[in-house]
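Undergrad: Input protein.txt, format and content: compact mmCIF, C-alpha atoms and all ligand atoms.
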```
# COMPACT_ATOMS: atom_id res chain seq x y z
CA MET A 1 103.03 156.12 174.42
CA THR A 2 105.66 154.71 172.07
CA ILE A 3 104.99 151.24 170.79
CA CYS A 4 107.81 150.66 168.37
CA PRO A 5 110.48 153.36 168.43
CA PRO A 6 112.61 152.10 165.52
CA HIS A 7 109.60 152.38 163.25
CA ASN A 8 108.21 155.52 164.81
CA ILE A 9 104.89 153.99 165.74
CA PHE A 10 103.07 155.73 168.56
CA MET A 11 99.71 155.40 170.21
CA THR A 12 97.54 157.80 172.07
CA SER A 13 94.42 156.83 174.00
CA ASP A 14 92.42 156.41 170.79
CA LYS A 15 94.76 156.34 167.77
CA VAL A 16 97.89 154.75 166.41
CA PHE A 17 100.25 156.98 164.44
CA THR A 18 103.35 156.50 162.42
CA MET A 19 105.80 159.35 162.53
CA PRO A 20 106.77 161.51 160.79
CA SER A 21 103.82 161.09 158.43
CA MET A 22 101.29 160.88 161.29
CA LYS A 23 99.42 158.39 159.16
CA ILE A 24 96.71 156.62 161.12
CA ILE A 25 97.04 152.85 161.02
CA PRO A 26 93.55 151.45 160.37
CA THR A 27 93.39 148.97 163.22
CA ASP A 28 90.11 150.25 164.68
CA LYS A 29 87.67 149.45 161.89
CA ASP A 30 89.03 146.74 159.72
CA ASP A 31 88.19 143.29 161.06
CA ARG A 32 90.41 141.51 158.58
CA MET A 33 93.31 143.69 159.55
CA ARG A 34 92.62 143.11 163.20
CA GLN A 35 92.71 139.38 162.68
CA ARG A 36 95.85 139.57 160.65
CA VAL A 37 97.70 141.52 163.27
CA PHE A 38 96.59 139.40 166.19
CA ILE A 39 99.82 137.92 167.28
CA ALA A 40 101.70 136.46 170.16
CA PRO A 41 103.03 138.97 172.67
CA GLY A 42 106.43 140.24 171.75
CA ARG A 43 105.99 140.52 167.99
CA CYS A 44 105.34 143.86 166.38
CA ARG A 45 103.14 143.33 163.37
CA VAL A 46 102.12 146.93 163.03
CA LYS A 47 105.06 147.35 160.79
CA CYS A 48 108.20 145.37 161.42
CA GLY A 49 107.17 141.96 162.70
CA ARG A 50 110.18 141.84 164.93
CA GLN A 51 110.53 139.62 167.90
CA ASN A 52 111.60 140.90 171.26
CA ALA A 53 111.78 138.28 173.93
CA ASP A 54 111.47 140.41 177.00
CA GLU A 55 109.10 143.15 175.95
CA LYS A 56 105.57 143.01 174.74
CA HIS A 57 104.00 145.31 172.28
CA GLY A 58 101.76 145.11 169.29
CA ILE A 59 98.12 144.70 168.57
CA GLY A 60 95.83 142.19 170.20
CA LEU A 61 92.15 141.36 170.09
CA ALA A 62 89.82 144.28 170.52
CA ASN A 63 87.48 144.24 173.47
CA ALA A 64 85.30 146.69 175.36
CA ARG A 65 88.16 148.15 177.34
CA ASN A 66 90.50 148.20 174.39
CA PRO A 67 88.45 148.98 171.30
CA PHE A 68 91.40 149.14 168.93
CA GLY A 69 92.99 145.95 170.22
CA LEU A 70 96.15 147.78 171.17
CA TYR A 71 98.48 146.82 173.89
CA ALA A 72 101.94 147.76 174.94
CA SER A 73 103.15 146.38 178.19
CA ALA A 74 106.56 147.90 177.67
CA THR A 75 107.31 151.23 176.10
CA THR A 76 110.90 150.73 175.03
CA ILE A 77 111.98 148.27 172.38
CA ARG A 78 115.71 147.96 171.85
CA SER A 79 117.26 147.50 168.42
CA MET A 80 120.67 145.94 167.97
CA ARG A 81 123.36 148.38 166.98
CA VAL A 82 125.57 146.89 164.26
CA ILE A 83 128.83 148.68 163.53
CA LEU A 84 130.30 147.56 160.21
CA ALA A 85 134.05 148.16 160.04
CA ASN A 86 135.63 149.72 157.01
CA PRO A 87 138.19 148.73 155.81
CA ARG A 88 137.47 145.02 156.07
CA GLY A 89 137.70 141.97 153.83
CA PHE A 90 139.71 141.60 150.63
CA CYS A 91 143.07 143.36 150.51
CA ALA A 92 144.96 144.26 147.35
CA GLY A 93 147.07 141.08 147.49
CA VAL A 94 144.06 138.79 147.81
CA ASN A 95 142.20 140.66 145.07
CA MET A 96 145.13 140.19 142.75
CA ALA A 97 145.61 136.49 143.61
CA VAL A 98 141.92 135.69 143.13
CA ASP A 99 141.89 137.61 139.83
CA VAL A 100 144.95 135.66 138.69
CA VAL A 101 143.25 132.27 139.11
CA ASP A 102 140.12 133.64 137.50
CA GLU A 103 142.10 134.90 134.53
CA VAL A 104 144.08 131.67 134.19
CA LEU A 105 140.82 129.73 134.07
CA LYS A 106 139.48 132.07 131.39
CA LEU A 107 142.66 131.93 129.30
CA PHE A 108 143.58 128.27 129.57
CA GLY A 109 140.57 126.50 131.08
CA ALA A 110 140.64 123.66 133.62
CA PRO A 111 142.53 121.87 134.93
CA VAL A 112 144.51 124.50 136.80
CA TYR A 113 146.77 123.61 139.71
CA VAL A 114 147.46 125.96 142.61
CA TYR A 115 150.27 125.30 145.05
CA HIS A 116 148.61 125.63 148.48
CA GLU A 117 145.29 127.43 148.91
CA ILE A 118 145.34 130.55 146.74
CA VAL A 119 144.17 132.53 149.81
CA HIS A 120 143.10 131.16 153.17
CA ASN A 121 139.36 131.22 152.69
CA LYS A 122 137.12 128.19 152.42
CA HIS A 123 134.51 129.86 150.20
CA VAL A 124 137.06 131.19 147.74
CA VAL A 125 138.84 127.84 147.55
CA ASP A 126 135.61 125.81 147.24
CA GLY A 127 134.39 128.19 144.52
CA PHE A 128 137.53 127.60 142.46
CA ARG A 129 137.43 123.83 143.11
CA SER A 130 133.98 123.73 141.56
CA ARG A 131 135.48 125.35 138.45
CA GLY A 132 138.20 122.75 137.98
CA VAL A 133 141.03 124.09 140.13
CA THR A 134 143.08 121.62 142.19
CA PHE A 135 144.94 122.82 145.28
CA ASP A 136 148.07 120.81 146.02
CA ASP A 137 150.51 120.95 148.90
CA ALA A 138 153.27 119.15 147.03
CA ILE A 139 154.68 119.96 143.61
CA ASP A 140 155.23 116.27 142.82
CA GLU A 141 151.45 115.75 142.94
CA ILE A 142 151.00 118.05 139.94
CA PRO A 143 151.15 116.37 136.51
CA PRO A 144 154.31 117.32 134.53
CA GLY A 145 153.80 120.15 132.04
CA SER A 146 150.71 121.54 133.85
CA LEU A 147 150.04 125.13 134.73
CA VAL A 148 150.73 125.93 138.38
CA VAL A 149 149.80 129.10 140.25
CA TYR A 150 151.70 130.04 143.40
CA SER A 151 149.46 131.33 146.17
CA ALA A 152 149.41 134.84 147.64
CA HIS A 153 151.57 133.60 150.53
CA GLY A 154 154.61 132.98 148.35
CA VAL A 155 156.91 130.01 147.87
CA SER A 156 160.53 129.12 148.54
CA PRO A 157 163.19 128.77 145.83
CA THR A 158 163.08 125.00 146.38
CA VAL A 159 159.45 124.91 145.23
CA ARG A 160 160.28 126.92 142.12
CA ALA A 161 163.15 124.54 141.33
CA GLU A 162 160.86 121.52 141.74
CA SER A 163 158.34 123.11 139.36
CA ARG A 164 160.98 123.69 136.73
CA ALA A 165 162.20 120.12 137.09
CA ARG A 166 158.64 118.99 136.33
CA LYS A 167 158.38 121.47 133.48
CA LEU A 168 155.39 123.18 135.04
CA ARG A 169 154.28 126.49 133.61
CA GLU A 170 154.44 128.91 136.56
CA VAL A 171 152.20 131.85 137.37
CA ASP A 172 153.25 133.67 140.51
CA ALA A 173 150.39 135.23 142.48
CA THR A 174 152.56 136.01 145.51
CA CYS A 175 151.49 139.28 147.11
CA PRO A 176 154.13 141.94 146.38
CA LEU A 177 154.23 142.76 150.10
CA VAL A 178 155.26 139.17 150.84
CA THR A 179 157.85 139.35 148.06
CA LYS A 180 159.23 142.47 149.73
CA VAL A 181 159.98 140.42 152.88
CA HIS A 182 161.61 137.68 150.74
CA LEU A 183 163.87 140.32 149.19
CA GLU A 184 164.81 141.68 152.62
CA VAL A 185 165.82 138.19 153.73
CA ILE A 186 167.90 137.67 150.60
CA ARG A 187 169.63 141.03 151.08
CA PHE A 188 170.33 140.55 154.80
CA ALA A 189 171.68 137.04 154.14
CA LYS A 190 173.95 138.32 151.35
CA GLN A 191 175.30 140.97 153.75
CA GLY A 192 176.23 138.23 156.22
CA TYR A 193 173.42 138.79 158.73
CA GLN A 194 171.72 136.03 160.60
CA ILE A 195 167.99 136.73 160.43
CA VAL A 196 165.26 136.28 163.01
CA PHE A 197 161.90 135.68 161.34
CA VAL A 198 159.08 136.76 163.66
CA GLY A 199 156.02 134.74 162.75
CA HIS A 200 154.17 131.43 162.81
CA ARG A 201 156.64 128.78 161.68
CA ASN A 202 154.07 126.49 160.02
CA HIS A 203 152.24 129.19 158.07
CA ASP A 204 152.67 129.00 154.28
CA GLU A 205 154.16 132.49 154.23
CA ALA A 206 156.75 131.64 156.90
CA VAL A 207 157.76 128.44 155.11
CA GLY A 208 158.25 130.33 151.83
CA THR A 209 160.18 133.22 153.38
CA VAL A 210 162.44 131.04 155.54
CA GLY A 211 163.18 128.98 152.44
CA GLU A 212 164.99 131.97 150.89
CA ALA A 213 167.90 131.53 153.31
CA PRO A 214 167.26 128.45 155.44
CA ASP A 215 170.79 128.31 156.87
CA SER A 216 170.66 131.93 158.04
CA ILE A 217 167.19 132.15 159.59
CA LEU A 218 165.83 131.45 163.04
CA VAL A 219 162.06 131.62 163.68
CA VAL A 220 160.49 133.00 166.85
CA GLU A 221 156.79 132.97 167.65
CA THR A 222 156.78 134.37 171.19
CA PRO A 223 158.83 136.69 173.43
CA GLU A 224 159.77 133.62 175.51
CA GLU A 225 161.40 132.02 172.47
CA VAL A 226 163.69 135.04 172.16
CA ASP A 227 165.40 133.97 175.40
CA GLN A 228 166.20 130.57 173.89
CA LEU A 229 167.81 131.90 170.70
CA LEU A 230 171.37 130.79 169.99
CA VAL A 231 172.85 133.28 167.55
CA ARG A 232 176.15 133.30 165.68
CA ASP A 233 176.99 136.95 166.37
CA PRO A 234 174.64 139.29 168.28
CA ASP A 235 176.11 142.25 166.38
CA LYS A 236 175.33 140.75 162.98
CA LEU A 237 171.67 140.06 163.49
CA ALA A 238 168.56 141.35 161.68
CA PHE A 239 164.86 140.63 161.92
CA VAL A 240 161.88 140.54 159.57
CA THR A 241 158.25 139.70 160.32
CA GLN A 242 155.35 137.85 158.76
CA THR A 243 152.99 140.28 157.03
CA THR A 244 149.85 139.16 158.88
CA LEU A 245 151.01 139.21 162.49
CA SER A 246 149.22 140.80 165.39
CA VAL A 247 150.76 144.26 165.67
CA SER A 248 150.80 144.03 169.46
CA ASP A 249 152.36 140.52 169.49
CA ALA A 250 155.00 141.67 167.01
CA ASP A 251 155.77 144.71 169.18
CA ARG A 252 156.27 142.47 172.21
CA ILE A 253 158.55 140.06 170.36
CA ILE A 254 160.55 142.82 168.68
CA GLY A 255 160.85 144.55 172.08
CA ALA A 256 162.29 141.33 173.55
CA LEU A 257 164.69 141.03 170.60
CA ARG A 258 165.91 144.62 171.02
CA LEU A 259 166.36 144.12 174.74
CA ARG A 260 168.49 141.02 174.28
CA PHE A 261 170.25 142.14 171.08
CA PRO A 262 170.50 145.96 171.16
CA ASN A 263 172.28 146.07 167.79
CA ILE A 264 169.71 144.00 165.90
CA LYS A 265 168.91 145.52 162.51
CA ALA A 266 165.29 146.23 161.56
CA PRO A 267 163.84 146.06 158.03
CA PRO A 268 163.77 149.46 156.30
CA LYS A 269 159.96 149.51 156.41
CA ASP A 270 157.44 147.65 158.59
CA ASP A 271 156.72 144.17 157.27
CA ILE A 272 153.24 143.87 158.76
CA CYS A 273 151.19 144.98 155.79
CA TYR A 274 148.81 147.92 155.50
CA ALA A 275 145.73 145.67 155.30
CA THR A 276 146.57 143.73 158.45
CA THR A 277 147.32 146.95 160.31
CA ASN A 278 144.16 148.74 159.16
CA ARG A 279 141.84 145.84 160.02
CA GLN A 280 143.39 145.43 163.45
CA ASN A 281 143.25 149.18 164.11
CA ALA A 282 139.54 149.16 163.24
CA VAL A 283 138.92 146.46 165.87
CA THR A 284 140.91 148.45 168.43
CA ALA A 285 138.83 151.55 167.71
CA ILE A 286 135.37 149.99 167.51
CA ALA A 287 135.40 146.94 169.81
CA PRO A 288 135.20 148.98 173.04
CA GLU A 289 131.82 150.33 171.86
CA VAL A 290 130.16 146.96 171.38
CA ASP A 291 129.25 143.78 173.28
CA VAL A 292 130.36 141.27 170.66
CA VAL A 293 132.76 141.27 167.69
CA LEU A 294 131.99 138.99 164.73
CA VAL A 295 134.81 138.29 162.29
CA ILE A 296 134.12 136.65 158.95
CA GLY A 297 137.07 134.51 157.96
CA SER A 298 138.39 130.97 157.85
CA ILE A 299 140.09 129.21 160.71
CA ASN A 300 143.38 128.95 158.79
CA SER A 301 143.43 132.66 157.96
CA SER A 302 146.18 134.22 160.06
CA ASN A 303 145.00 137.80 159.77
CA SER A 304 141.37 136.83 160.57
CA LYS A 305 142.45 135.04 163.76
CA ARG A 306 144.44 138.10 164.75
CA LEU A 307 141.26 140.20 164.55
CA VAL A 308 139.54 137.91 167.04
CA GLU A 309 142.55 138.10 169.35
CA ARG A 310 142.60 141.88 169.08
CA ALA A 311 138.93 142.06 170.09
CA GLU A 312 139.60 139.75 173.03
CA GLU A 313 142.49 141.97 174.09
CA GLN A 314 139.87 144.73 174.31
CA GLY A 315 137.86 142.51 176.67
CA ARG A 316 135.17 141.70 174.12
CA GLU A 317 133.59 138.40 173.19
CA SER A 318 134.61 137.62 169.65
CA TYR A 319 133.81 134.87 167.18
CA LEU A 320 135.45 133.83 163.92
CA ILE A 321 132.89 132.44 161.48
CA ASP A 322 133.25 131.22 157.93
CA ASP A 323 129.81 132.50 157.04
CA VAL A 324 126.43 133.48 158.47
CA SER A 325 125.34 129.87 158.95
CA HIS A 326 127.90 129.54 161.75
CA LEU A 327 126.43 132.41 163.77
CA LYS A 328 124.76 131.07 166.92
CA SER A 329 121.79 133.08 168.14
CA GLU A 330 122.77 132.57 171.77
CA TRP A 331 125.96 134.58 171.20
CA LEU A 332 123.77 137.64 170.76
CA ALA A 333 121.16 136.92 173.41
CA GLY A 334 120.75 139.97 175.62
CA LYS A 335 123.38 141.87 173.63
CA GLN A 336 122.71 145.36 172.30
CA SER A 337 125.60 146.00 169.98
CA VAL A 338 127.86 144.09 167.65
CA MET A 339 130.84 144.89 165.45
CA VAL A 340 131.16 143.14 162.10
CA THR A 341 134.45 142.85 160.26
CA ALA A 342 136.21 140.40 157.93
CA GLY A 343 139.71 139.11 157.42
CA ALA A 344 141.68 140.09 154.33
CA SER A 345 140.75 136.89 152.47
CA ALA A 346 136.98 136.94 153.16
CA PRO A 347 134.67 137.97 150.28
CA ASP A 348 132.22 140.76 150.99
CA HIS A 349 129.10 138.83 149.97
CA LEU A 350 129.62 136.75 153.14
CA VAL A 351 129.59 139.94 155.20
CA GLN A 352 126.40 141.12 153.49
CA ALA A 353 124.66 137.81 154.27
CA LEU A 354 125.61 138.20 157.93
CA LEU A 355 124.27 141.75 157.98
CA ASP A 356 120.98 140.56 156.44
CA ARG A 357 120.57 138.07 159.27
CA LEU A 358 121.47 140.64 161.93
CA VAL A 359 118.85 142.99 160.52
CA GLY A 360 116.16 140.37 160.00
CA GLU A 361 116.58 138.28 163.11
CA PHE A 362 118.03 140.72 165.63
CA ASP A 363 116.49 143.98 164.46
CA GLY A 364 119.95 145.29 163.66
CA ILE A 365 120.47 148.84 162.60
CA VAL A 366 123.67 148.97 160.60
CA GLU A 367 126.09 151.86 160.58
CA THR A 368 129.35 151.79 158.65
CA ARG A 369 132.42 153.13 160.42
CA THR A 370 135.25 154.10 158.07
CA LEU A 371 138.60 154.51 159.76
CA VAL A 372 140.79 154.86 156.71
CA GLU A 373 140.29 154.73 152.95
CA GLU A 374 142.38 152.08 151.20
CA ASP A 375 143.49 152.64 147.62
CA VAL A 376 146.20 150.00 147.21
CA TYR A 377 146.10 148.06 143.96
CA PHE A 378 148.43 145.39 142.59
CA ASP A 379 148.71 144.76 138.88
CA MET A 380 148.56 141.25 137.43
CA PRO A 381 151.93 139.47 137.74
CA LYS A 382 154.41 139.54 134.86
CA SER A 383 154.46 135.73 134.79
CA LEU A 384 150.77 135.71 133.81
CA LYS A 385 151.17 138.44 131.20
CA LYS A 386 154.07 136.50 129.65
CA LEU A 387 152.12 133.27 129.59
CA ALA A 388 149.08 135.02 128.10
CA ILE A 389 151.24 136.27 125.22
CA VAL A 390 153.02 132.96 124.66
CA GLY A 391 149.82 130.98 125.14
S1 LIG B 1 147.18 140.52 153.91
FE1 LIG B 1 148.76 141.96 153.29
S2 LIG B 1 150.51 140.70 152.72
FE2 LIG B 1 148.72 139.35 152.79
S3 LIG B 1 147.96 139.33 150.70
FE3 LIG B 1 146.88 140.97 151.77
S4 LIG B 1 148.10 142.84 151.32
FE4 LIG B 1 149.35 141.06 150.86
```
Take the structure in the file and give it back as structure tokens.
TA:
Amino acid sequence: MTICPPHNIFMTSDKVFTMPSMKIIPTDKDDRMRQRVFIAPGRCRVKCGRQNADEKHGIGLANARNPFGLYASATTIRSMRVILANPRGFCAGVNMAVDVVDEVLKLFGAPVYVYHEIVHNKHVVDGFRSRGVTFDDAIDEIPPGSLVVYSAHGVSPTVRAESRARKLREVDATCPLVTKVHLEVIRFAKQGYQIVFVGHRNHDEAVGTVGEAPDSILVVETPEEVDQLLVRDPDKLAFVTQTTLSVSDADRIIGALRLRFPNIKAPPKDDICYATTNRQNAVTAIAPEVDVVLVIGSINSSNSKRLVERAEEQGRESYLIDDVSHLKSEWLAGKQSVMVTAGASAPDHLVQALLDRLVGEFDGIVETRTLVEEDVYFDMPKSLKKLAIVG
């Protein structure tokens, strides 16, 4: 009879074995051991000490009918299958932006000012705050002459002009893939196109990108909004997208745009970035195999929220949590499998802490599923190198 399959513990009518070593567990002779392993039903103390609410196994008090004190009222104990998505977490743009603030702190010391959150993650931002970094949403809140870092989401030309007027020393940590969209907007506008920006109008990235050509851009967030668009000339229209959109939402909106404006011009290359696409594809591939999808990320992280939505599109329960402390045990009650992933701005140590809890509390057995290897790397921005030389 199997007592604890994950730990290969078996019993016969007179012995307990562990496989593959076939070592006999000394529960028959040793009184101290017997006392130590006497436990409430449902907790395996032979080896793992795990709790299983609906099945009973383990070692109880010895008696005449049960000289070794063994019992097993159920023969199957289920472990929780944990599929860890790869790629997940930090993308190249976030890595670079975080490294920039780190480097600025090392080179110049606090105080350092960052326009907007450097990346949309509470832990990253709180960590920098504790080291003397101030995050501001308005340039006029930053003392004249200070050092300001622009976040990974980019800024509009107006913000740059305000910084110069205040004589701020600028370090630009905008992700190059966001800059690429800015450059597309500038080019389309110069060529006389009116541009439709597909994205979330209040997101920092949208505000920065739209600011490149505010008189030539219209923003749409949904296919329904496409119907309401009033355009100057349907034959002189182009579109770009936010880098962190849901691929399926973007497809729907772009489909609606193409239907209404057949001559609309697309950007030369997809604007939704590699990291967003890869993390969403991983959810599409893995979510159907599990009961629940857990996404580590902050509530204001666009790409993290899109991962939750993607899981829900697959018909799976999904939760966005800043860290392991936000995981509620009841979400996993009666569940047998869970997928773990993280948005592009979530540090991996938060994922590891979640895995530790899934293993310790839910008897998780973790397997990593790699869908694609990422090797994108962005060098430190020129503005930082220049400042480092000038001092
Ligand atoms: S999610 Fe994409 S666009 Fe945003 S910082 Fe990361 S790589 Fe850049």
Undergrad: Let me see if you get this right: every residue at most 9 Å from ligand LIG 1 (chain B), counting only C-alpha atoms and all ligand atoms, written as a PyMOL selection string.
TA: chain A and resi 90-97+119+152-153+174-179+205+242-244+271-277+302-303+343-345+376
Undergrad: Which is closer to Thr368 (chain A) than all the others in A:Gly132, A:Tyr150, A:Val340, A:Pro347, using only C-alpha atoms?
TA: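 Among the listed residues, A:Val340 lies closest to Thr368 (chain A).
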Undergrad: Just the residues within 12 Å of Ala285 (chain A), please, counting all atoms listed in the file, with nothing from its chain fewer than 6 positions along; format it as a ChimeraX atom specification.
TA: /A:83,85-86,278-279,293,310-311,314,339,369-372
Undergrad: Identify, on the basis of all atoms listed in the file, every residue whose closest approach to Pro157 (chain A) does not exceed 9 Å; exclude the query and any residue fewer than 5 positions from it along the same chain; express the result as a list in words.
TA: Glu162, Gly208, Gly211 and Glu212 of chain A
Undergrad: Quick one: write out the picked residues with C-alpha atoms as a PDB file, keeping the file's coordinate frame?
TA:
```pdb
ATOM      1  CA  GLU A 162     160.860 121.520 141.740  1.00  0.00           C
ATOM      2  CA  GLY A 208     158.250 130.330 151.830  1.00  0.00           C
ATOM      3  CA  GLY A 211     163.180 128.980 152.440  1.00  0.00           C
ATOM      4  CA  GLU A 212     164.990 131.970 150.890  1.00  0.00           C
TER       5      GLU A 212
END
```
Undergrad: With only C-alpha atoms as the counted atoms, please give the residues lying no more than 6 Å from Ser337 (chain A), apart from itself and same-chain residues fewer than 5 positions off, as a list in words.
TA: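 My reading of the contact set: Met80, Arg81, Val82, Val290 and Asp291 of chain A.
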Undergrad: Show which residues sit within 8 Å of Gln194 (chain A), as a list of chain:residue names. Count all atoms listed in the file, and ignore same-chain residues fewer than 4 positions away.
TA: A:Phe188, A:Ala189, A:Ser216, A:Ile217, A:Leu218, A:Val231, A:Arg232, A:Asp233, A:Lys236, A:Leu237, A:Ala238
Undergrad: Would you work out the distance separating CA of Pro223 (chain A) from CA of Leu257 (chain A), expressed in Å to one decimal?
TA: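 Pair CA of Pro223 (chain A) / CA of Leu257 (chain A) returns 7.8 Å.
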Undergrad: So which residues fall inside 7 Å of (159.5, 138.4, 153.7) if we count all atoms listed in the file? Mind giving them as a VMD selection string?
TA: chain A and resid 178 to 185 209 240 to 242
Undergrad: Based on the selection just made, write C-alpha atoms of those residues as a compact mmCIF listing (two decimals), keeping the file's coordinate frame.
TA:
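Dumped to selection.txt:
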```txt
# COMPACT_ATOMS: atom_id res chain seq x y z
CA VAL A 178 155.26 139.17 150.84
CA THR A 179 157.85 139.35 148.06
CA LYS A 180 159.23 142.47 149.73
CA VAL A 181 159.98 140.42 152.88
CA HIS A 182 161.61 137.68 150.74
CA LEU A 183 163.87 140.32 149.19
CA GLU A 184 164.81 141.68 152.62
CA VAL A 185 165.82 138.19 153.73
CA THR A 209 160.18 133.22 153.38
CA VAL A 240 161.88 140.54 159.57
CA THR A 241 158.25 139.70 160.32
CA GLN A 242 155.35 137.85 158.76
```
Undergrad: How far is it from CA of Leu332 (chain A) to CA of Leu294 (chain A), in Å with one decimal?
TA: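 Rounded to one decimal, the two atoms are 10.3 Å apart.
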Undergrad: For Gln352 (chain A), which residue among A:Leu84, A:Gln228, A:Ser248, A:Ser383 is the nearest when counting only C-alpha atoms?
TA: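 Ranked by minimum distance to Gln352 (chain A), first place goes to A:Leu84.
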Undergrad: Can you tell me, as JSON, the centre and edge lengths (Å, one decimal) of the axis-aligned box enclosing all of region 232-251 of chain A's listed atoms after padding each side by 8 Å?
TA:
```
{"center_x": 163.1, "center_y": 139.0, "center_z": 163.3, "size_x": 43.8, "size_y": 27.4, "size_z": 28.5}
```
Undergrad: Excluding Val226 (chain A) and its own-chain neighbours fewer than 4 positions away, which residues fall within 10 Å of it when counting all atoms listed in the file? Please give them as a PDB file with C-alpha atoms, keeping the file's coordinate frame.
TA:
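Written output follows (result15.pdb):
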```pdb
ATOM      1  CA  VAL A 196     165.260 136.280 163.010  1.00  0.00           C
ATOM      2  CA  VAL A 198     159.080 136.760 163.660  1.00  0.00           C
ATOM      3  CA  VAL A 219     162.060 131.620 163.680  1.00  0.00           C
ATOM      4  CA  VAL A 220     160.490 133.000 166.850  1.00  0.00           C
ATOM      5  CA  GLU A 221     156.790 132.970 167.650  1.00  0.00           C
ATOM      6  CA  THR A 222     156.780 134.370 171.190  1.00  0.00           C
ATOM      7  CA  LEU A 230     171.370 130.790 169.990  1.00  0.00           C
ATOM      8  CA  ILE A 253     158.550 140.060 170.360  1.00  0.00           C
ATOM      9  CA  ILE A 254     160.550 142.820 168.680  1.00  0.00           C
ATOM     10  CA  GLY A 255     160.850 144.550 172.080  1.00  0.00           C
ATOM     11  CA  ALA A 256     162.290 141.330 173.550  1.00  0.00           C
ATOM     12  CA  LEU A 257     164.690 141.030 170.600  1.00  0.00           C
ATOM     13  CA  ARG A 258     165.910 144.620 171.020  1.00  0.00           C
ATOM     14  CA  LEU A 259     166.360 144.120 174.740  1.00  0.00           C
ATOM     15  CA  ARG A 260     168.490 141.020 174.280  1.00  0.00           C
ATOM     16  CA  PHE A 261     170.250 142.140 171.080  1.00  0.00           C
TER      17      PHE A 261
END
```
Undergrad: Figure out the distance between CA of Val98 (chain A) and CA of Ile142 (chain A), please, to one decimal in Å.
TA: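 These two atoms are separated by 20.1 Å.
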Undergrad: Hey, which of A:Leu358, A:Phe239, A:Val210, A:Asp249 ends up closest to Pro268 (chain A)? Count all atoms listed in the file.
TA: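 That would be A:Phe239, the residue with the smallest distance to Pro268 (chain A).
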Undergrad: Select, from A:Val366, A:Leu384, A:Ala250, A:Val112, the residue with the minimum atom-to-atom distance to Arg129 (chain A), counting all atoms listed in the file.
TA: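 Closest to Arg129 (chain A), using all atoms listed in the file: A:Val112.
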Undergrad: Is there a way to complete region 224-237 of chain A with N, CA and C atoms and then write that out as an mmCIF file, in the coordinates of the input?
TA:
```
data_model
loop_
_atom_site.group_PDB
_atom_site.id
_atom_site.type_symbol
_atom_site.label_atom_id
_atom_site.label_comp_id
_atom_site.auth_asym_id
_atom_site.auth_seq_id
_atom_site.Cartn_x
_atom_site.Cartn_y
_atom_site.Cartn_z
ATOM 1 N N GLU A 224 159.039 134.619 174.727
ATOM 2 C CA GLU A 224 159.770 133.620 175.510
ATOM 3 C C GLU A 224 160.821 132.917 174.632
ATOM 4 N N GLU A 225 160.451 132.711 173.353
ATOM 5 C CA GLU A 225 161.400 132.020 172.470
ATOM 6 C C GLU A 225 162.647 132.866 172.204
ATOM 7 N N VAL A 226 162.526 134.171 172.366
ATOM 8 C CA VAL A 226 163.690 135.040 172.160
ATOM 9 C C VAL A 226 164.792 134.675 173.152
ATOM 10 N N ASP A 227 164.403 134.333 174.369
ATOM 11 C CA ASP A 227 165.400 133.970 175.400
ATOM 12 C C ASP A 227 166.178 132.718 175.021
ATOM 13 N N GLN A 228 165.550 131.853 174.226
ATOM 14 C CA GLN A 228 166.200 130.570 173.890
ATOM 15 C C GLN A 228 167.100 130.674 172.646
ATOM 16 N N LEU A 229 167.072 131.821 171.979
ATOM 17 C CA LEU A 229 167.810 131.900 170.700
ATOM 18 C C LEU A 229 169.314 131.730 170.883
ATOM 19 N N LEU A 230 169.909 130.914 170.022
ATOM 20 C CA LEU A 230 171.370 130.790 169.990
ATOM 21 C C LEU A 230 171.827 131.437 168.689
ATOM 22 N N VAL A 231 172.498 132.558 168.784
ATOM 23 C CA VAL A 231 172.850 133.280 167.550
ATOM 24 C C VAL A 231 174.351 133.215 167.322
ATOM 25 N N ARG A 232 174.718 133.383 166.030
ATOM 26 C CA ARG A 232 176.150 133.300 165.680
ATOM 27 C C ARG A 232 176.891 134.511 166.230
ATOM 28 N N ASP A 233 176.320 135.708 165.958
ATOM 29 C CA ASP A 233 176.990 136.950 166.370
ATOM 30 C C ASP A 233 175.909 137.989 166.674
ATOM 31 N N PRO A 234 175.730 138.370 167.926
ATOM 32 C CA PRO A 234 174.640 139.290 168.280
ATOM 33 C C PRO A 234 174.743 140.649 167.590
ATOM 34 N N ASP A 235 175.952 140.958 167.065
ATOM 35 C CA ASP A 235 176.110 142.250 166.380
ATOM 36 C C ASP A 235 175.886 142.135 164.873
ATOM 37 N N LYS A 236 175.602 140.939 164.422
ATOM 38 C CA LYS A 236 175.330 140.750 162.980
ATOM 39 C C LYS A 236 173.995 140.020 162.854
ATOM 40 N N LEU A 237 172.990 140.672 163.411
ATOM 41 C CA LEU A 237 171.670 140.060 163.490
ATOM 42 C C LEU A 237 170.621 141.033 162.937
#
```
